[in-house]
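Structure file work_22.txt; described as compact mmCIF, C-alpha atoms.
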```txt
# COMPACT_ATOMS: atom_id res chain seq x y z
CA MET N 1 -85.25 -33.62 31.73
CA PHE N 2 -88.70 -32.05 31.97
CA PHE N 3 -87.82 -29.86 28.98
CA VAL N 4 -86.54 -32.91 27.06
CA ILE N 5 -89.77 -34.83 27.73
CA ILE N 6 -91.86 -31.87 26.53
CA VAL N 7 -89.74 -31.62 23.35
CA CYS N 8 -90.21 -35.36 22.67
CA LEU N 9 -93.96 -35.03 23.27
CA ILE N 10 -94.27 -32.15 20.80
CA VAL N 11 -92.15 -33.89 18.15
CA ASP N 12 -93.99 -37.22 18.45
CA ILE N 13 -97.38 -35.53 18.17
CA LYS N 14 -96.13 -33.57 15.16
CA TYR N 15 -95.16 -36.81 13.37
CA ASN N 16 -98.68 -38.19 13.95
CA ILE N 17 -97.36 -41.38 15.54
CA PHE N 18 -98.29 -40.64 19.14
CA ASP N 19 -99.26 -43.55 21.37
CA ILE N 20 -99.35 -42.95 25.12
CA GLY N 21 -98.10 -46.43 26.07
CA ASP N 22 -95.19 -46.35 23.65
CA PHE N 23 -94.39 -42.77 24.64
CA VAL N 24 -94.16 -43.68 28.33
CA ARG N 25 -91.83 -46.56 27.47
CA GLY N 26 -89.82 -44.25 25.23
CA ILE N 27 -89.19 -41.60 27.88
CA TYR N 28 -88.40 -44.20 30.56
CA GLY N 29 -84.66 -43.74 29.99
CA TYR N 30 -84.86 -39.98 30.47
CA VAL N 31 -86.93 -40.31 33.63
CA SER N 32 -84.39 -42.91 34.85
CA ILE N 33 -81.59 -40.34 34.50
CA ILE N 34 -83.29 -38.41 37.32
CA ILE N 35 -84.60 -41.19 39.54
CA ILE N 36 -81.85 -43.84 39.59
CA PRO N 37 -78.82 -41.55 40.20
CA PHE N 38 -80.78 -39.69 42.90
CA ALA N 39 -81.86 -42.94 44.57
CA SER N 40 -78.28 -44.25 44.29
CA PHE N 41 -76.90 -41.03 45.79
CA ILE N 42 -79.27 -41.27 48.78
CA SER N 43 -78.67 -45.00 49.25
CA ILE N 44 -74.88 -44.65 49.20
CA LYS N 45 -74.90 -41.61 51.50
CA ILE N 46 -77.28 -43.01 54.11
CA LEU N 47 -76.97 -46.78 53.94
CA MET N 48 -73.69 -48.06 52.63
CA HIS N 49 -70.97 -45.54 51.75
CA SER N 50 -68.53 -47.00 54.28
CA LYS N 51 -69.04 -50.51 52.89
CA LEU N 52 -69.57 -49.72 49.21
CA GLU N 53 -66.22 -51.08 48.04
CA LYS N 54 -66.80 -54.42 49.76
CA ILE N 55 -70.38 -54.64 48.47
CA LEU N 56 -69.26 -53.99 44.89
CA LYS N 57 -66.54 -56.63 45.11
CA ILE N 58 -69.08 -59.16 46.39
CA PHE N 59 -71.41 -58.16 43.57
CA TYR N 60 -68.57 -58.58 41.05
CA GLY N 61 -67.77 -62.00 42.53
CA ILE N 62 -71.40 -63.13 42.28
CA TRP N 63 -71.65 -62.18 38.59
CA THR N 64 -68.36 -63.80 37.61
CA GLY N 65 -68.99 -66.82 39.84
CA ILE N 66 -72.33 -67.54 38.19
CA GLY N 67 -70.63 -67.05 34.82
CA VAL N 68 -68.08 -69.73 35.74
CA LEU N 69 -70.90 -72.13 36.75
CA GLN N 70 -72.66 -71.52 33.43
CA ILE N 71 -69.53 -72.61 31.56
CA PHE N 72 -70.33 -76.10 32.84
CA ASN N 73 -74.13 -75.79 32.82
CA ARG N 74 -75.71 -73.10 30.62
CA ASN N 75 -79.11 -73.49 32.33
CA ILE N 76 -78.05 -72.37 35.83
CA PHE N 77 -79.71 -69.11 36.97
CA ILE N 78 -81.25 -68.28 33.59
CA GLY N 79 -84.87 -69.38 34.09
CA TRP N 80 -85.95 -65.86 35.06
CA ARG N 81 -84.41 -64.15 32.00
CA ILE N 82 -84.83 -64.53 28.26
CA ARG N 83 -81.45 -65.22 26.66
CA LYS N 84 -81.33 -62.60 23.88
CA VAL N 85 -78.68 -63.92 21.54
CA ILE N 86 -78.59 -64.27 17.77
CA THR N 87 -76.57 -67.48 17.66
CA SER N 88 -76.37 -70.38 20.10
CA ASP N 89 -72.55 -70.53 20.23
CA ARG N 90 -72.10 -67.33 22.24
CA GLY N 91 -70.66 -67.18 25.75
CA VAL N 92 -72.37 -67.20 29.13
CA ILE N 93 -74.67 -64.42 30.33
CA SER N 94 -74.45 -64.73 34.16
CA LEU N 95 -77.40 -62.71 35.53
CA ALA N 96 -77.76 -60.61 32.36
CA ASN N 97 -79.76 -61.50 29.26
CA GLU N 98 -76.84 -61.52 26.80
CA PRO N 99 -73.02 -61.72 26.99
CA ALA N 100 -72.26 -58.08 26.12
CA TYR N 101 -74.48 -56.81 28.95
CA PHE N 102 -72.70 -59.19 31.32
CA VAL N 103 -69.40 -57.48 30.51
CA ILE N 104 -70.94 -53.99 30.73
CA ILE N 105 -72.02 -54.70 34.32
CA LEU N 106 -68.47 -55.76 35.22
CA LEU N 107 -67.09 -52.63 33.57
CA MET N 108 -69.41 -50.33 35.53
CA ILE N 109 -68.43 -51.99 38.83
CA THR N 110 -64.76 -51.73 37.86
CA LEU N 111 -65.07 -48.00 37.12
CA ILE N 112 -66.46 -47.30 40.60
CA LEU N 113 -63.77 -49.43 42.23
CA LEU N 114 -61.10 -47.51 40.30
CA ILE N 115 -62.49 -44.20 41.58
CA ILE N 116 -62.54 -45.50 45.16
CA ASN N 117 -58.96 -46.76 45.11
CA TYR N 118 -57.12 -47.17 41.82
CA ASN N 119 -53.95 -48.79 43.15
CA LYS N 120 -55.81 -51.43 45.15
CA ASN N 121 -58.47 -52.17 42.54
CA LYS N 122 -56.68 -51.89 39.18
CA LYS N 123 -56.50 -55.68 39.03
CA TYR N 124 -60.23 -55.67 38.25
CA MET N 125 -59.42 -54.30 34.80
CA ILE N 126 -57.44 -57.48 34.07
CA LEU N 127 -60.15 -59.67 35.61
CA THR N 128 -62.76 -58.03 33.38
CA ILE N 129 -60.65 -58.63 30.28
CA LEU N 130 -60.30 -62.30 31.23
CA SER N 131 -64.04 -62.57 31.98
CA SER N 132 -64.93 -61.09 28.59
CA ILE N 133 -62.64 -63.57 26.82
CA VAL N 134 -63.21 -66.76 28.82
CA LEU N 135 -66.78 -66.33 30.11
CA ALA N 136 -68.74 -63.92 27.92
CA GLN N 137 -66.70 -64.75 24.78
CA ASN N 138 -68.05 -61.51 23.36
CA ALA N 139 -66.16 -59.42 20.82
CA VAL N 140 -67.69 -56.11 21.94
CA GLY N 141 -66.95 -56.96 25.58
CA VAL N 142 -63.34 -57.85 24.75
CA VAL N 143 -62.83 -54.57 22.88
CA TYR N 144 -64.31 -52.40 25.61
CA SER N 145 -62.60 -54.19 28.49
CA ILE N 146 -59.20 -53.85 26.78
CA LEU N 147 -60.05 -50.23 25.94
CA LEU N 148 -60.65 -49.55 29.65
CA TYR N 149 -57.16 -50.81 30.44
CA ILE N 150 -55.63 -48.68 27.68
CA VAL N 151 -57.48 -45.48 28.66
CA PHE N 152 -56.51 -45.79 32.33
CA ASN N 153 -52.87 -46.59 31.65
CA ILE N 154 -51.99 -43.98 29.05
CA LYS N 155 -49.60 -41.51 30.66
CA ASN N 156 -46.62 -39.57 29.42
CA ILE N 157 -44.84 -41.68 26.82
CA ASN N 158 -41.40 -42.88 27.89
CA ILE N 159 -39.33 -46.01 27.43
CA LYS N 160 -40.94 -47.77 30.40
CA THR N 161 -44.52 -47.10 29.30
CA LEU N 162 -43.67 -47.88 25.68
CA ILE N 163 -42.31 -51.31 26.65
CA LYS N 164 -45.38 -51.84 28.83
CA PHE N 165 -47.80 -51.06 26.02
CA ILE N 166 -45.93 -53.27 23.59
CA THR N 167 -45.56 -56.18 26.01
CA ILE N 168 -49.07 -56.37 27.48
CA PRO N 169 -50.97 -56.40 24.14
CA PHE N 170 -48.45 -58.96 22.87
CA ILE N 171 -49.23 -61.21 25.85
CA PHE N 172 -52.96 -60.87 25.21
CA ILE N 173 -52.50 -61.69 21.52
CA ILE N 174 -50.57 -64.84 22.45
CA ALA N 175 -53.31 -65.75 24.96
CA LEU N 176 -56.01 -65.25 22.31
CA LEU N 177 -54.11 -67.42 19.82
CA ILE N 178 -53.80 -70.16 22.43
CA TYR N 179 -57.53 -69.84 23.16
CA MET N 180 -58.36 -70.05 19.45
CA ASN N 181 -56.45 -73.32 19.18
CA ILE N 182 -58.04 -74.77 22.33
CA ASP N 183 -61.65 -73.87 21.46
CA LYS N 184 -61.76 -73.82 17.67
CA ASP N 185 -65.57 -73.92 17.42
CA SER N 186 -66.46 -70.98 19.70
CA ARG N 187 -68.00 -67.79 18.37
CA LEU N 188 -65.11 -65.70 19.68
CA THR N 189 -62.65 -67.87 17.75
CA HIS N 190 -64.75 -67.42 14.61
CA LEU N 191 -64.87 -63.63 15.06
CA LEU N 192 -61.13 -63.39 15.67
CA SER N 193 -60.42 -65.50 12.60
CA GLN N 194 -62.67 -63.31 10.49
CA LEU N 195 -61.04 -60.20 11.94
CA ILE N 196 -57.59 -61.47 10.97
CA LEU N 197 -58.61 -62.61 7.49
CA ASN N 198 -61.15 -59.91 6.56
CA PRO N 199 -61.07 -57.07 9.11
CA LEU N 200 -63.37 -54.74 7.12
CA ASP N 201 -65.82 -57.46 6.11
CA LEU N 202 -66.56 -58.65 9.64
CA ILE N 203 -69.37 -56.19 10.36
CA PHE N 204 -71.02 -57.17 7.07
CA THR N 205 -70.90 -60.93 7.72
CA ASP N 206 -71.59 -61.25 11.47
CA ILE N 207 -75.27 -60.58 12.27
CA SER N 208 -74.78 -59.35 15.83
CA LEU N 209 -72.01 -56.92 14.92
CA ASN N 210 -73.95 -55.76 11.87
CA ILE N 211 -77.01 -54.92 13.98
CA ARG N 212 -74.83 -52.84 16.30
CA PHE N 213 -73.30 -51.12 13.30
CA ALA N 214 -76.75 -50.43 11.87
CA HIS N 215 -77.95 -48.70 15.05
CA VAL N 216 -74.86 -46.48 15.18
CA TYR N 217 -74.86 -45.66 11.48
CA ILE N 218 -78.58 -45.01 11.04
CA SER N 219 -78.99 -42.95 14.22
CA LEU N 220 -76.04 -40.71 13.31
CA LYS N 221 -77.14 -40.40 9.67
CA GLU N 222 -80.67 -39.41 10.61
CA PHE N 223 -79.40 -36.98 13.27
CA LEU N 224 -77.32 -35.15 10.68
CA SER N 225 -79.94 -35.32 7.92
CA ASN N 226 -82.50 -33.80 10.32
CA CYS N 227 -80.19 -30.82 10.97
CA MET N 228 -79.54 -32.04 14.55
CA MET N 229 -83.20 -31.58 15.49
CA PRO N 230 -85.04 -34.16 17.69
CA HIS N 231 -86.93 -37.13 16.23
CA GLY N 232 -88.74 -37.94 19.47
CA VAL N 233 -88.97 -41.38 21.06
CA LEU N 234 -91.50 -43.03 18.74
CA ALA N 235 -90.04 -42.69 15.25
CA TRP N 236 -87.03 -45.03 15.49
CA GLY N 237 -88.75 -48.38 14.89
CA ILE N 238 -90.23 -47.34 11.55
CA GLU N 239 -87.14 -45.41 10.44
CA TYR N 240 -84.82 -48.28 11.35
CA TYR N 241 -87.02 -50.79 9.51
CA ASN N 242 -87.12 -48.66 6.35
CA ASN N 243 -83.36 -48.10 6.36
CA VAL N 244 -82.50 -51.78 6.82
CA ILE N 245 -85.02 -53.02 4.27
CA SER N 246 -83.85 -50.52 1.65
CA ASN N 247 -80.15 -51.38 2.12
CA PRO N 248 -79.88 -55.21 2.06
CA THR N 249 -76.22 -55.12 0.98
CA LEU N 250 -75.28 -52.93 3.95
CA PHE N 251 -77.49 -54.45 6.67
CA ILE N 252 -77.96 -58.21 7.08
CA GLU N 253 -80.38 -58.42 10.02
CA PRO N 254 -82.76 -61.38 9.48
CA ILE N 255 -86.27 -60.44 8.36
CA TYR N 256 -87.90 -62.49 11.15
CA ARG N 257 -86.43 -60.13 13.75
CA PHE N 258 -88.46 -57.25 12.33
CA GLN N 259 -91.63 -58.86 13.61
CA ASN N 260 -90.68 -57.49 17.02
CA VAL N 261 -88.92 -54.30 15.96
CA THR N 262 -88.95 -51.70 18.77
CA ASN N 263 -88.07 -48.07 19.32
CA LYS N 264 -85.08 -49.02 21.46
CA ILE N 265 -81.74 -47.79 20.12
CA VAL N 266 -78.85 -49.94 21.35
CA THR N 267 -76.34 -47.09 21.41
CA MET N 268 -76.51 -44.39 24.08
CA ASN N 269 -74.92 -41.67 21.96
CA GLY N 270 -77.08 -42.62 18.99
CA ALA N 271 -80.24 -42.57 21.11
CA LEU N 272 -79.48 -39.15 22.58
CA LEU N 273 -78.58 -37.59 19.23
CA TYR N 274 -81.45 -39.20 17.34
CA GLU N 275 -84.22 -38.73 19.92
CA ILE N 276 -83.43 -35.31 21.40
CA GLY N 277 -80.89 -33.96 18.92
CA ILE N 278 -79.00 -30.83 19.87
CA PHE N 279 -80.68 -30.82 23.29
CA ALA N 280 -78.38 -33.70 24.27
CA ILE N 281 -75.43 -31.31 24.47
CA PRO N 282 -76.28 -30.00 27.99
CA MET N 283 -76.36 -33.61 29.22
CA TYR N 284 -72.84 -34.26 27.90
CA LEU N 285 -71.65 -30.97 29.44
CA PHE N 286 -73.20 -31.86 32.81
CA LEU N 287 -71.47 -35.24 32.85
CA TYR N 288 -68.17 -33.67 31.79
CA LYS N 289 -68.31 -31.05 34.55
CA ALA N 290 -69.12 -33.75 37.10
CA CYS N 291 -66.34 -36.08 35.94
CA LYS N 292 -63.79 -33.27 36.15
CA LYS N 293 -64.25 -33.27 39.94
CA ILE N 294 -63.40 -36.95 40.53
CA PRO N 295 -60.16 -38.95 40.27
CA PHE N 296 -59.30 -39.86 36.66
CA GLY N 297 -62.38 -37.85 35.67
CA LYS N 298 -61.31 -36.98 32.12
CA LYS N 299 -60.37 -40.58 31.42
CA ILE N 300 -63.70 -41.80 32.79
CA TYR N 301 -65.60 -39.27 30.68
CA ILE N 302 -63.71 -40.30 27.53
CA TYR N 303 -64.30 -43.96 28.30
CA ILE N 304 -68.04 -43.45 28.96
CA PHE N 305 -68.33 -41.56 25.68
CA LEU N 306 -66.58 -44.38 23.79
CA LEU N 307 -68.68 -47.00 25.56
CA GLY N 308 -71.78 -45.02 24.66
CA ILE N 309 -71.05 -45.51 20.98
CA ASN N 310 -72.23 -49.09 21.20
CA GLY N 311 -71.89 -50.64 24.63
CA LEU N 312 -74.23 -48.57 26.80
CA ASN N 313 -77.84 -47.51 26.61
CA ILE N 314 -79.23 -44.54 28.46
CA SER N 315 -81.40 -46.55 30.88
CA ASN N 316 -78.68 -48.99 31.98
CA PRO N 317 -79.13 -49.06 35.79
CA ALA N 318 -75.46 -49.88 36.46
CA PHE N 319 -74.40 -46.82 34.44
CA LEU N 320 -76.92 -44.63 36.27
CA PHE N 321 -75.67 -46.03 39.59
CA LEU N 322 -72.18 -44.92 38.50
CA ILE N 323 -73.52 -41.40 37.93
CA GLY N 324 -75.12 -41.49 41.38
CA TYR N 325 -71.77 -42.48 42.89
CA ILE N 326 -69.96 -39.69 41.02
CA LEU N 327 -72.45 -37.17 42.46
CA PHE N 328 -71.99 -38.65 45.94
CA PHE N 329 -68.20 -38.43 45.60
CA ILE N 330 -68.41 -34.78 44.56
CA ASP N 331 -70.82 -33.94 47.37
CA ILE N 332 -68.78 -35.44 50.18
CA ASN N 333 -65.36 -34.39 48.86
CA ILE N 334 -66.31 -30.78 48.11
CA GLY N 335 -67.65 -30.58 51.65
CA ARG N 336 -64.32 -31.78 53.07
CA ASN N 337 -61.62 -30.29 50.89
CA GLY N 338 -63.20 -27.61 48.73
CA GLY N 339 -63.46 -29.80 45.67
CA ASN N 340 -59.85 -30.95 45.29
CA THR N 341 -59.56 -34.64 44.51
CA ASN N 342 -56.67 -37.05 44.86
CA ASP N 343 -55.83 -39.23 41.87
CA LYS N 344 -54.60 -42.06 44.09
CA LYS N 345 -57.47 -42.67 46.48
CA VAL N 346 -60.90 -41.53 47.49
CA ILE N 347 -61.05 -39.70 50.81
CA TYR N 348 -64.58 -40.42 51.97
CA MET N 349 -63.65 -43.69 53.69
```

Encoded form (structure tokens):
Amino acid sequence: MFFVIIVCLIVDIKYNIFDIGDFVRGIYGYVSIIIIPFASFISIKILMHSKLEKILKIFYGIWTGIGVLQIFNRNIFIGWRIRKVITSDRGVISLANEPAYFVIILLMITLILLIINYNKNKKYMILTILSSIVLAQNAVGVVYSILLYIVFNIKNINIKTLIKFITIPFIFIIALLIYMNIDKDSRLTHLLSQLILNPLDLIFTDISLNIRFAHVYISLKEFLSNCMMPHGVLAWGIEYYNNVISNPTLFIEPIYRFQNVTNKIVTMNGALLYEIGIFAIPMYLFLYKACKKIPFGKKIYIYIFLLGINGLNISNPAFLFLIGYILFFIDINIGRNGGNTNDKKVIYM
């Protein structure tokens, strides 16, 4: 991380856009990768490892419970946060600042619970899908919560699993159709209707989805056009602005939003590739090697990578807490059984 920060410093000075305040904000995510997992590791090991599962379930209950209350009163528990949404017809935010982040928090908690005890906690995958549909009413949240279920349930294909994977999506489709008929004016209903009628046009007609697409597309394009070299942490705002303005048929973000354009990239993979380029590879390798040592590690790594396309950002504290837990799991299990893990349960309890 020290090397990455030095690289960003050199690149940003080279581009003649250096500002110490913006630079500190820009490297916050990379500093967080050190501090938050380490603090989480110490906290879990010393303070709460024997009660972590219960604490996470309480935490999950608080977030979903507040979401349920906000279905009836959107103003409950939101006075301390700015509701960052493009349109007013989106779902509840619970203790987050927008619906997608609400679902991401639930997904991070669910991942840790699955590592602790998959058989006992797999129901949280279904609960998260339901929360993303009924509470958050967020298309990205629905996709990623269903994707979590798919990734964790893909095994060797046989008749039983084939029936399972045909039946469960069919049930969810029926449930979504029922929901669309019950709440015809919701944003989720609108998105689903657009997806059915014009699946390829959706990202070019829905502002929120188009902004997410723009961050993924532009960050990857600039990463490749720069020969995989770093751009630093200060160039994104200007580059993003120029790309969107020069391609009005591809990007539909409202002009008024550019008044507060920032250097924050809303895709973790895009941020890593754009800001530090090829130097992001060791970070992916580190995470892969760590995940290999935990239950369902390869599935978790694949899911994190997919979520990083558009759902995660590098400074997300819940994601960094997950990394801290993975390191704790490795530490205590390697000490007890030489590094072998059991796919059915965690053995630290």

Work out how far apart atom CA of N:Ile5 and atom CA of N:Pro317 are and give it in Å to one decimal.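 Interatomic distance here is 19.5 Å.
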
Could you work out how far atom CA of N:Asn210 lies from atom CA of N:Ile150, giving the answer in Å with one decimal?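 Between atom CA of N:Ile150 and atom CA of N:Asn210 the gap is 25.2 Å.
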
Distance of atom CA of N:Lys293 from atom CA of N:Tyr30, expressed in Å to one decimal place: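 According to the coordinates, atom CA of N:Tyr30 and atom CA of N:Lys293 are separated by 23.7 Å.
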
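Excluding N:Ile35 itself and any same-chain residue fewer than 5 positions from it, the protein and nucleic acid residues within 10 Å of it, counting all atoms listed in the file, are N:Gly29, N:Tyr30, N:Ser40, N:Phe41, N:Leu320, N:Gly324.
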
Restrict the selected residues to C-alpha atoms and save them as an mmCIF file, keeping the file's coordinate frame.
```
data_model
loop_
_atom_site.group_PDB
_atom_site.id
_atom_site.type_symbol
_atom_site.label_atom_id
_atom_site.label_comp_id
_atom_site.auth_asym_id
_atom_site.auth_seq_id
_atom_site.Cartn_x
_atom_site.Cartn_y
_atom_site.Cartn_z
ATOM 1 C CA GLY N 29 -84.660 -43.740 29.990
ATOM 2 C CA TYR N 30 -84.860 -39.980 30.470
ATOM 3 C CA SER N 40 -78.280 -44.250 44.290
ATOM 4 C CA PHE N 41 -76.900 -41.030 45.790
ATOM 5 C CA LEU N 320 -76.920 -44.630 36.270
ATOM 6 C CA GLY N 324 -75.120 -41.490 41.380
#
```

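Around stretch 133-136 of chain N, within 9 Å and counting all atoms listed in the file, the residues found are N:Thr64, N:Gly67, N:Val68, N:Gln70, N:Ile71, N:Arg90, N:Gly91, N:Val92, N:Ile93, N:Ser94, N:Glu98, N:Pro99, N:Ala100, N:Phe102, N:Val103, N:Thr128, N:Ile129, N:Gly141, N:Val142, N:Leu176, N:Tyr179, N:Leu188, once anything fewer than 4 positions away on its own chain is removed.
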
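Using only C-alpha atoms, the set of residues no farther than 7 Å from the position (-73.8, -58.3, 34.9) comprises Trp63, Ser94, Leu95, Ala96, Tyr101, Phe102, Val103, Ile104, Ile105 and Leu106 of chain N.
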
Those residues you just picked out, can you put them in a file as a PDB file, in the coordinates of the input with C-alpha atoms?
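File produced: again38.pdb:
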```
ATOM      1  CA  TRP N  63     -71.650 -62.180  38.590  1.00  0.00           C
ATOM      2  CA  SER N  94     -74.450 -64.730  34.160  1.00  0.00           C
ATOM      3  CA  LEU N  95     -77.400 -62.710  35.530  1.00  0.00           C
ATOM      4  CA  ALA N  96     -77.760 -60.610  32.360  1.00  0.00           C
ATOM      5  CA  TYR N 101     -74.480 -56.810  28.950  1.00  0.00           C
ATOM      6  CA  PHE N 102     -72.700 -59.190  31.320  1.00  0.00           C
ATOM      7  CA  VAL N 103     -69.400 -57.480  30.510  1.00  0.00           C
ATOM      8  CA  ILE N 104     -70.940 -53.990  30.730  1.00  0.00           C
ATOM      9  CA  ILE N 105     -72.020 -54.700  34.320  1.00  0.00           C
ATOM     10  CA  LEU N 106     -68.470 -55.760  35.220  1.00  0.00           C
TER      11      LEU N 106
END
```

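The residue that comes closest to N:Phe2, out of N:Ile33, N:Ile20, N:Ile182, N:Tyr15 and on the basis of all atoms listed in the file, is N:Ile33.
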
Option closest in space to N:Lys155, from N:Phe296, N:Trp236, N:Phe18, N:Tyr217 [counting only C-alpha atoms]: N:Phe296
